[in-house]
file data-v1.pdb (PDB, C-alpha atoms and all ligand atoms)
ATOM      1  CA  MET C 399      17.023  21.158  43.876  1.00  0.00           C
ATOM      2  CA  ASP C 400      19.898  21.054  41.372  1.00  0.00           C
ATOM      3  CA  PHE C 401      18.448  22.280  38.087  1.00  0.00           C
ATOM      4  CA  GLU C 402      21.664  21.730  36.149  1.00  0.00           C
ATOM      5  CA  THR C 403      21.576  17.979  36.613  1.00  0.00           C
ATOM      6  CA  GLN C 404      17.816  17.635  36.297  1.00  0.00           C
ATOM      7  CA  THR C 405      16.829  15.847  33.093  1.00  0.00           C
ATOM      8  CA  ILE C 406      13.663  16.003  31.057  1.00  0.00           C
ATOM      9  CA  PRO C 407      11.833  12.655  30.899  1.00  0.00           C
ATOM     10  CA  ASP C 408      11.914  10.877  27.521  1.00  0.00           C
ATOM     11  CA  SER C 409       8.115  10.896  27.354  1.00  0.00           C
ATOM     12  CA  ILE C 410       8.075  14.705  27.410  1.00  0.00           C
ATOM     13  CA  LEU C 411      10.943  14.968  24.910  1.00  0.00           C
ATOM     14  CA  ASP C 412       9.197  12.513  22.586  1.00  0.00           C
ATOM     15  CA  LYS C 413       5.968  14.506  22.718  1.00  0.00           C
ATOM     16  CA  TYR C 414       7.621  17.785  21.757  1.00  0.00           C
ATOM     17  CA  THR C 415      10.315  16.535  19.369  1.00  0.00           C
ATOM     18  CA  LYS C 416       9.040  16.853  15.807  1.00  0.00           C
ATOM     19  CA  VAL C 417      10.794  14.293  13.634  1.00  0.00           C
ATOM     20  CA  CYS C 418       8.815  15.170  10.519  1.00  0.00           C
ATOM     21  CA  THR C 419       8.618  18.935  10.634  1.00  0.00           C
ATOM     22  CA  CYS C 420       6.632  19.273   7.401  1.00  0.00           C
ATOM     23  CA  ARG C 421       3.726  17.315   8.902  1.00  0.00           C
ATOM     24  CA  SER C 422       4.506  18.133  12.524  1.00  0.00           C
ATOM     25  CA  ILE C 423       4.781  14.448  13.429  1.00  0.00           C
ATOM     26  CA  SER C 424       6.282  13.881  16.850  1.00  0.00           C
ATOM     27  CA  ARG C 425       8.669  11.147  17.912  1.00  0.00           C
ATOM     28  CA  LYS C 426       5.892  10.001  20.270  1.00  0.00           C
ATOM     29  CA  THR C 427       3.530   9.393  17.330  1.00  0.00           C
ATOM     30  CA  LEU C 428       6.221   7.509  15.422  1.00  0.00           C
ATOM     31  CA  LYS C 429       7.125   5.360  18.434  1.00  0.00           C
ATOM     32  CA  GLU C 430       3.454   4.516  18.934  1.00  0.00           C
ATOM     33  CA  ALA C 431       3.195   3.457  15.280  1.00  0.00           C
ATOM     34  CA  ILE C 432       6.229   1.212  15.687  1.00  0.00           C
ATOM     35  CA  HIS C 433       4.831  -0.252  18.907  1.00  0.00           C
ATOM     36  CA  ASN C 434       1.607  -0.934  17.007  1.00  0.00           C
ATOM     37  CA  GLY C 435       3.444  -3.040  14.452  1.00  0.00           C
ATOM     38  CA  CYS C 436       4.885  -0.734  11.792  1.00  0.00           C
ATOM     39  CA  THR C 437       8.191  -2.213  10.655  1.00  0.00           C
ATOM     40  CA  SER C 438       8.869  -0.388   7.409  1.00  0.00           C
ATOM     41  CA  ILE C 439       8.943   3.074   5.900  1.00  0.00           C
ATOM     42  CA  PRO C 440       5.784   2.497   3.789  1.00  0.00           C
ATOM     43  CA  GLN C 441       3.865   1.344   6.883  1.00  0.00           C
ATOM     44  CA  ILE C 442       5.032   4.353   8.913  1.00  0.00           C
ATOM     45  CA  LYS C 443       4.112   6.616   6.011  1.00  0.00           C
ATOM     46  CA  GLU C 444       0.633   5.150   5.685  1.00  0.00           C
ATOM     47  CA  GLN C 445      -0.153   5.179   9.389  1.00  0.00           C
ATOM     48  CA  THR C 446       1.308   8.550  10.416  1.00  0.00           C
ATOM     49  CA  ARG C 447       1.559  10.587   7.164  1.00  0.00           C
ATOM     50  CA  ALA C 448       5.217  11.275   7.977  1.00  0.00           C
ATOM     51  CA  MET C 449       7.339  11.730   4.838  1.00  0.00           C
ATOM     52  CA  THR C 450       4.345  13.072   2.903  1.00  0.00           C
ATOM     53  CA  GLY C 451       5.094  16.741   3.415  1.00  0.00           C
ATOM     54  CA  SER C 452       6.603  19.211   1.020  1.00  0.00           C
ATOM     55  CA  CYS C 453      10.126  17.745   1.275  1.00  0.00           C
ATOM     56  CA  LYS C 454       8.752  14.207   0.643  1.00  0.00           C
ATOM     57  CA  GLY C 455      10.854  12.759   3.443  1.00  0.00           C
ATOM     58  CA  LYS C 456      14.135  14.312   2.438  1.00  0.00           C
ATOM     59  CA  ASN C 457      14.559  15.773   5.933  1.00  0.00           C
ATOM     60  CA  CYS C 458      12.910  13.098   8.065  1.00  0.00           C
ATOM     61  CA  ALA C 459      13.306   9.684   6.410  1.00  0.00           C
ATOM     62  CA  SER C 460      16.801   9.070   7.761  1.00  0.00           C
ATOM     63  CA  LYS C 461      15.649   9.985  11.277  1.00  0.00           C
ATOM     64  CA  ILE C 462      12.710   7.597  10.982  1.00  0.00           C
ATOM     65  CA  VAL C 463      14.964   4.774   9.765  1.00  0.00           C
ATOM     66  CA  ALA C 464      17.262   5.461  12.738  1.00  0.00           C
ATOM     67  CA  LEU C 465      14.255   5.300  15.071  1.00  0.00           C
ATOM     68  CA  LEU C 466      13.139   1.986  13.534  1.00  0.00           C
ATOM     69  CA  LYS C 467      16.659   0.581  14.050  1.00  0.00           C
ATOM     70  CA  GLU C 468      16.873   1.993  17.577  1.00  0.00           C
ATOM     71  CA  MET C 469      13.615   0.232  18.437  1.00  0.00           C
ATOM     72  CA  ASP C 470      14.734  -3.004  16.712  1.00  0.00           C
ATOM     73  CA  ALA C 471      11.794  -2.803  14.319  1.00  0.00           C
ATOM     74  CA  LEU C 472      13.807  -3.217  11.103  1.00  0.00           C
TER      75      LEU C 472
HETATM   76  S1  LIG B   1      10.172  16.613   7.176  1.00  0.00           S
HETATM   77 FE1  LIG B   1       8.941  14.901   6.819  1.00  0.00          FE
HETATM   78  S2  LIG B   1       8.072  15.228   4.864  1.00  0.00           S
HETATM   79 FE2  LIG B   1       9.359  16.933   5.202  1.00  0.00          FE
END

call {"tool": "encode", "arguments": {"input": "data-v1.pdb", "output": "structure tokens"}}
result
Amino acid sequence: MDFETQTIPDSILDKYTKVCTCRSISRKTLKEAIHNGCTSIPQIKEQTRAMTGSCKGKNCASKIVALLKEMDAL
């Protein structure tokens, strides 16, 4: 087995990648919210509580917008 070329599945990366570190919200949770119909920052905020931590989204909002665009939800 060649460990150098082995990649980690996206589902595992999504589960452990915290997009909103203040609230410990994973990319998996955000993707699920988008799949469930969230198409805007206020909807994501209401459903997941992302962007409600101590930085008020200063560190995560741009990543969440990028995720919305990446998933063609905007
Ligand atoms: S990182 Fe999301 S509210 Fe601070």

call {"tool": "closest_residue", "arguments": {"input": "data-v1.pdb", "among": "C:Arg425, C:Lys467, C:Lys461, C:Lys456", "to": "ligand LIG 1 (chain B)", "atoms": "only C-alpha atoms and all ligand atoms"}}
result
C:Lys456

call {"tool": "residues_around", "arguments": {"input": "data-v1.pdb", "residues": "C:Thr415", "least_positions_apart": "4", "cutoff": "12 Å", "atoms": "all atoms listed in the file", "output": "NGL selection string"}}
result
:C and (408-411 or 419 or 422-429 or 461)

call {"tool": "closest_residue", "arguments": {"input": "data-v1.pdb", "among": "C:Leu466, C:Ala471, C:Cys418, C:Ile432", "to": "ligand LIG 1 (chain B)", "atoms": "all atoms listed in the file"}}
result
C:Cys418

call {"tool": "resolve_selection", "arguments": {"input": "data-v1.pdb", "expression": "the PyMOL selection byres (((chain C and resi 443-453) around 8) and not hetatm)", "output": "list in words"}}
result
Cys418, Cys420, Arg421, Ile423, Thr427, Leu428, Ala431, Ile439, Pro440, Gln441, Ile442, Lys454, Gly455, Lys456, Asn457, Cys458 and Ala459 of chain C

call {"tool": "closest_residue", "arguments": {"input": "data-v1.pdb", "among": "C:Glu402, C:Val417, C:Pro407, C:Gly435", "to": "ligand LIG 1 (chain B)", "atoms": "only C-alpha atoms and all ligand atoms"}}
result
C:Val417

call {"tool": "atom_distance", "arguments": {"input": "data-v1.pdb", "atom1": "atom CA of C:His433", "atom2": "atom FE1 of ligand LIG 1 (chain B)"}}
result
19.8 Å

call {"tool": "axis_aligned_box", "arguments": {"input": "data-v1.pdb", "around": "stretch 441-450 of chain C", "padding_each_side": "3 Å", "output": "AutoDock Vina command-line options"}}
result
--center_x 3.6 --center_y 7.2 --center_z 6.7 --size_x 13.5 --size_y 17.7 --size_z 13.5

call {"tool": "closest_residue", "arguments": {"input": "data-v1.pdb", "among": "C:Lys413, C:Ser438, C:Thr405, C:Asp400", "to": "C:Leu465", "atoms": "all atoms listed in the file"}}
result
C:Ser438

call {"tool": "closest_residue", "arguments": {"input": "data-v1.pdb", "among": "C:Thr437, C:Asp412, C:Ser460, C:Gln404", "to": "C:Leu472", "atoms": "all atoms listed in the file"}}
result
C:Thr437

call {"tool": "closest_residue", "arguments": {"input": "data-v1.pdb", "among": "C:Phe401, C:Ala464, C:Asp470, C:Lys416", "to": "ligand LIG 1 (chain B)", "atoms": "all atoms listed in the file"}}
result
C:Lys416
